[in-house]
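Undergrad: One structure coming up, written as structure tokens, with questions to follow.
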Amino acid sequence: MKSKKSWKEKLLNSKNLPRVEKISEKMEKRWGKGSVAIPSPKEIDDIMRMVPEGKVITFDEIREFLAKKYNATLGCPITTGLFACIAANASIEDENNGIKDINPYWRTLKSGGFLNEKYPGGIARQKERLEKEGHSILSKGKKYFVENYKEKLFKL
């Protein structure tokens, strides 16, 4: 029986990434023509780790950075979000193992400054950690976002 990979193992499994691919015909309706930069999980983790206390970053900024870095039309929205969740779970795994220098995943927001319900502990944990760092969290219906997040964006 195959044992389940840890989040850390998933984070370090590059799967022949990063790479740039032509946007397929199937995806052209959604993304347009051109190329897409597909990062590695570790690359997303590295970017997330750069964000200092008091600052935030959104998936949009990360994807824009990746597109420029790889001279692509866009950074992949699917893998960026997926790999951010892997990095967040690996961070919790590290924290549970007594490691102090963890990825501050809670500083990485969804588009529009919204909190990510898919992070470990959901909105509640991300909200708690952001508020501890001095951010104000507001709600819009059932969604939560960082107040004035654009003023607090970390520039890559």
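Simple scheme: letters A, B, ... for chains in structure tokens order, numbers from 1 for residues in each chain, numbers from 1 for ligands in the order shown.
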Leaving out Ile137 in chain A and any residue of its chain fewer than 6 positions from it, which residues lie within 9 Å of it when counting only C-alpha atoms, given as a PyMOL selection string?
TA: chain A and resi 115+127+130-131+144-147
Undergrad: Please save C-alpha atoms of the selected residues as a PDB file, in the first residue's frame.
TA:
ATOM      1  CA  LEU A 115      -9.317  35.788   2.595  1.00  0.00           C
ATOM      2  CA  LYS A 127      -8.384  36.399   9.917  1.00  0.00           C
ATOM      3  CA  LEU A 130      -3.865  39.001   9.901  1.00  0.00           C
ATOM      4  CA  GLU A 131      -5.533  40.901  12.754  1.00  0.00           C
ATOM      5  CA  TYR A 144     -13.977  38.585   4.261  1.00  0.00           C
ATOM      6  CA  PHE A 145     -11.285  40.919   2.969  1.00  0.00           C
ATOM      7  CA  VAL A 146      -8.399  43.056   4.216  1.00  0.00           C
ATOM      8  CA  GLU A 147      -9.450  46.688   4.502  1.00  0.00           C
TER       9      GLU A 147
END
Undergrad: Could you go through chain A and tell me which residues DSSP, when run on the backbone, assigns to strand (DSSP E), listing them as JSON, numbers by chain?
TA: {"A": [19, 20, 21, 22, 35, 36, 37, 38, 57, 58, 74, 75, 108, 109, 137, 138, 139, 140, 143, 144, 145, 146]}
Undergrad: With distances taken over only C-alpha atoms, which of A:Ile44, A:Ile62, A:Leu17, A:Ala72 is nearest to Ala87 in chain A?
TA: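 That would be A:Ile44, the residue with the smallest distance to Ala87 in chain A.
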Undergrad: List as a list of chain:residue names the protein and nucleic acid residues near range 152-156 of chain A, meaning an atom at most 6 Å away when only C-alpha atoms are counted, but skip any in the same chain fewer than 4 places from it.
TA: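 Counting only C-alpha atoms, the residues come to A:Lys55, A:Val56, A:Ile57.
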Undergrad: Any chance you can output those residues with C-alpha atoms as a CSV table (one decimal), in the first residue's frame?
TA:
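The file below, result-v5.csv, is the result:
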chain,number,residue,atom,x,y,z
A,55,LYS,CA,2.2,43.7,4.1
A,56,VAL,CA,0.0,41.4,1.9
A,57,ILE,CA,0.1,40.0,-1.6
Undergrad: Hey, what's within 9 Å of Ala37 in chain A if we count only C-alpha atoms and toss same-chain stuff fewer than 4 positions away? As a ChimeraX atom specification, please?
TA: /A:18-21,63,66-67,69-76
